[in-house]
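**Student:** Take a look at this one; I'll ask things after.
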Amino acid sequence: MLRSADCFRKAIRAMADTFDENELMDRVDNDVEFLAETVQMLECDGRSAMQQIRDALVVGDTPSLARAAHALKGIVSNFCSRRTPASALELEQLGKRGDLSAASVAVAILEDQLEALLGELAAFVKERT
């Protein structure tokens with residue numbers, strides 16, 4: 001099982017979580033400084049939500065898993081990302097159904113997507129500052 005999770009992680013890294021640059025800049029009114037601040041908040045809040053997701057998975061707390069995945073979905077949706085919110089929604093739904101059978105792989109995928117998004121956003125901001 002660990003090997004298949006590693007394969008999924010490699011596939012996710014290869015398909016970087018793209019975001020709509022134009023929509024994102026419109027959302028922040030072309031204010032790169034504000035965008036940089038919000039990306040820093042995403043880094044903190046997103047990683048905190050991921051830790052809550054991992055903690056809930058370890059103890060099998062599906063309601064907490066669903067809540068944390070829902071929170072992360074909202075956080076990353078602000079950055080005009082498509083894949084990461086979809087993965088968070090999938091994990092949220094697993095939690096709501098009380099289904100942990102695919103949750104560990106879903107968590108690994110979501111974590112990799114979040115890290116890819118953070119990297120892309122940081123590079124995007126750096127190019128503009």
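Just so we're on the same page: first chain in the structure tokens is A, next is B, and so on; residues restart at 1 for each chain, and ligands are numbered from 1 in the order they show up.
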Would you pick out the contacts of segment 100-111 of chain A at 8 Å or less, using only C-alpha atoms, so that residues sharing its chain but fewer than 2 positions from it are not included, and give the list as a list in words?
**Tutor:**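 Answer for this query is Ala5, Phe8, Arg9, Ile12, Met50, Ile53, Arg54, Leu57, Gly60, Thr62, Thr84, Ser87, Ala88, Glu90, Leu91, Leu94, Gly95, Gly98, Gln113, Leu114 and Glu115 of chain A.
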**Student:** Which polymer residues have any atom within 9 Å of an atom of Thr18 of chain A, counting only C-alpha atoms, with same-chain residues fewer than 3 positions away left out, as a ChimeraX atom specification?
**Tutor:** /A:15,21,80-83,116-117,120
**Student:** Pull all heavy atoms from the residues just selected and write them as a PDB file, in the first residue's frame.
**Tutor:**
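Ended up saving to selection_24.pdb:
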ATOM      1  N   MET A  15       1.722  16.705 -11.885  1.00  0.00           N
ATOM      2  CA  MET A  15       0.615  17.551 -12.349  1.00  0.00           C
ATOM      3  C   MET A  15       0.456  18.684 -11.347  1.00  0.00           C
ATOM      4  O   MET A  15      -0.390  18.644 -10.480  1.00  0.00           O
ATOM      5  CB  MET A  15      -0.715  16.801 -12.344  1.00  0.00           C
ATOM      6  CG  MET A  15      -0.749  15.468 -12.935  1.00  0.00           C
ATOM      7  SD  MET A  15      -2.421  14.761 -12.871  1.00  0.00           S
ATOM      8  CE  MET A  15      -3.043  15.131 -11.245  1.00  0.00           C
ATOM      9  N   GLU A  21      -4.223  32.496 -12.787  1.00  0.00           N
ATOM     10  CA  GLU A  21      -3.450  33.687 -12.426  1.00  0.00           C
ATOM     11  C   GLU A  21      -4.257  34.963 -12.608  1.00  0.00           C
ATOM     12  O   GLU A  21      -4.221  35.857 -11.743  1.00  0.00           O
ATOM     13  CB  GLU A  21      -2.167  33.762 -13.260  1.00  0.00           C
ATOM     14  CG  GLU A  21      -1.208  32.632 -12.986  1.00  0.00           C
ATOM     15  CD  GLU A  21       0.014  32.645 -13.891  1.00  0.00           C
ATOM     16  OE1 GLU A  21       0.161  33.593 -14.700  1.00  0.00           O
ATOM     17  OE2 GLU A  21       0.821  31.710 -13.774  1.00  0.00           O
ATOM     18  N   CYS A  80      -8.010  30.558  -6.229  1.00  0.00           N
ATOM     19  CA  CYS A  80      -8.381  30.207  -7.608  1.00  0.00           C
ATOM     20  C   CYS A  80      -7.755  28.896  -8.052  1.00  0.00           C
ATOM     21  O   CYS A  80      -7.409  28.707  -9.213  1.00  0.00           O
ATOM     22  CB  CYS A  80      -8.026  31.346  -8.571  1.00  0.00           C
ATOM     23  SG  CYS A  80      -8.715  32.925  -8.066  1.00  0.00           S
ATOM     24  N   SER A  81      -7.612  27.991  -7.107  1.00  0.00           N
ATOM     25  CA  SER A  81      -7.101  26.657  -7.379  1.00  0.00           C
ATOM     26  C   SER A  81      -8.281  25.755  -7.704  1.00  0.00           C
ATOM     27  O   SER A  81      -9.381  25.962  -7.204  1.00  0.00           O
ATOM     28  CB  SER A  81      -6.357  26.140  -6.145  1.00  0.00           C
ATOM     29  OG  SER A  81      -6.036  24.792  -6.285  1.00  0.00           O
ATOM     30  N   ARG A  82      -8.055  24.766  -8.528  1.00  0.00           N
ATOM     31  CA  ARG A  82      -9.138  23.843  -8.882  1.00  0.00           C
ATOM     32  C   ARG A  82      -8.935  22.469  -8.233  1.00  0.00           C
ATOM     33  O   ARG A  82      -9.848  21.927  -7.634  1.00  0.00           O
ATOM     34  CB  ARG A  82      -9.232  23.675 -10.407  1.00  0.00           C
ATOM     35  CG  ARG A  82      -9.429  24.961 -11.169  1.00  0.00           C
ATOM     36  CD  ARG A  82     -10.833  25.526 -10.978  1.00  0.00           C
ATOM     37  NE  ARG A  82     -11.050  26.690 -11.825  1.00  0.00           N
ATOM     38  CZ  ARG A  82     -10.981  27.945 -11.390  1.00  0.00           C
ATOM     39  NH1 ARG A  82     -10.693  28.216 -10.152  1.00  0.00           N
ATOM     40  NH2 ARG A  82     -11.205  28.947 -12.215  1.00  0.00           N
ATOM     41  N   ARG A  83      -7.758  21.918  -8.371  1.00  0.00           N
ATOM     42  CA  ARG A  83      -7.536  20.539  -7.909  1.00  0.00           C
ATOM     43  C   ARG A  83      -7.548  20.414  -6.386  1.00  0.00           C
ATOM     44  O   ARG A  83      -8.115  19.471  -5.848  1.00  0.00           O
ATOM     45  CB  ARG A  83      -6.204  20.018  -8.445  1.00  0.00           C
ATOM     46  CG  ARG A  83      -6.218  19.745  -9.911  1.00  0.00           C
ATOM     47  CD  ARG A  83      -4.911  19.070 -10.344  1.00  0.00           C
ATOM     48  NE  ARG A  83      -4.885  18.990 -11.776  1.00  0.00           N
ATOM     49  CZ  ARG A  83      -4.046  19.663 -12.542  1.00  0.00           C
ATOM     50  NH1 ARG A  83      -3.157  20.456 -12.010  1.00  0.00           N
ATOM     51  NH2 ARG A  83      -4.088  19.535 -13.847  1.00  0.00           N
ATOM     52  N   ALA A 116       2.305  21.731  -3.412  1.00  0.00           N
ATOM     53  CA  ALA A 116       2.542  22.190  -4.787  1.00  0.00           C
ATOM     54  C   ALA A 116       1.927  23.575  -4.996  1.00  0.00           C
ATOM     55  O   ALA A 116       2.554  24.461  -5.594  1.00  0.00           O
ATOM     56  CB  ALA A 116       1.962  21.190  -5.790  1.00  0.00           C
ATOM     57  N   LEU A 117       0.713  23.778  -4.496  1.00  0.00           N
ATOM     58  CA  LEU A 117       0.055  25.066  -4.624  1.00  0.00           C
ATOM     59  C   LEU A 117       0.849  26.152  -3.905  1.00  0.00           C
ATOM     60  O   LEU A 117       1.067  27.243  -4.450  1.00  0.00           O
ATOM     61  CB  LEU A 117      -1.373  24.997  -4.072  1.00  0.00           C
ATOM     62  CG  LEU A 117      -2.171  26.300  -4.097  1.00  0.00           C
ATOM     63  CD1 LEU A 117      -2.337  26.821  -5.524  1.00  0.00           C
ATOM     64  CD2 LEU A 117      -3.523  26.095  -3.433  1.00  0.00           C
ATOM     65  N   GLU A 120       3.869  27.016  -6.005  1.00  0.00           N
ATOM     66  CA  GLU A 120       3.518  27.779  -7.205  1.00  0.00           C
ATOM     67  C   GLU A 120       3.141  29.213  -6.855  1.00  0.00           C
ATOM     68  O   GLU A 120       3.512  30.152  -7.559  1.00  0.00           O
ATOM     69  CB  GLU A 120       2.354  27.110  -7.932  1.00  0.00           C
ATOM     70  CG  GLU A 120       2.748  25.827  -8.622  1.00  0.00           C
ATOM     71  CD  GLU A 120       1.565  25.213  -9.344  1.00  0.00           C
ATOM     72  OE1 GLU A 120       0.667  25.967  -9.777  1.00  0.00           O
ATOM     73  OE2 GLU A 120       1.543  23.994  -9.464  1.00  0.00           O
TER      74      GLU A 120
END
**Student:** Report, in Å to a single decimal, how far apart atom CA of Asp99 of chain A and atom CA of Gly46 of chain A are.
**Tutor:** 22.9 Å
**Student:** So which bits of segment 6-105 of chain A end up alpha helix (DSSP H) when you DSSP the backbone, as number ranges by chain?
**Tutor:** A: 6-14, 21-27, 32-59, 62-77, 83-97, 103-105
**Student:** Counting only C-alpha atoms, which residue out of A:Asp45, A:Asp61, A:Asp55, A:Glu127 sits closest to Val76 of chain A?
**Tutor:** A:Asp45
**Student:** For atom CA of His70 of chain A and atom CA of Leu89 of chain A, quote the distance in Å rounded to one decimal.
**Tutor:** 6.6 Å
**Student:** Quote the spacing between atom CA of Thr38 of chain A and atom CA of Leu121 of chain A in Å to one decimal place.
**Tutor:**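 Atom-to-atom, atom CA of Thr38 of chain A and atom CA of Leu121 of chain A are spaced 10.1 Å apart.
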**Student:** For Gln40 of chain A, list every protein, DNA or RNA residue within 12 Å, evaluated using only C-alpha atoms, and leave out those in the same chain fewer than 5 positions away; present the list as a ChimeraX atom specification.
**Tutor:** /A:33-35,45-47,118-119,121-122,125
**Student:** I'd like to know which of A:Asp31, A:Val58, A:Leu42, A:Arg97 is closest to Leu72 of chain A, using only C-alpha atoms.
**Tutor:**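 That would be A:Leu42, the residue with the smallest distance to Leu72 of chain A.
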**Student:** From the set A:Ile75, A:Ala66, A:Val39, A:Val59, which residue has the shortest atom-to-atom contact distance to Ala123 of chain A, counting only C-alpha atoms?
**Tutor:**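 Comparing A:Ile75, A:Ala66, A:Val39, A:Val59 against Ala123 of chain A, the winner is A:Val39.
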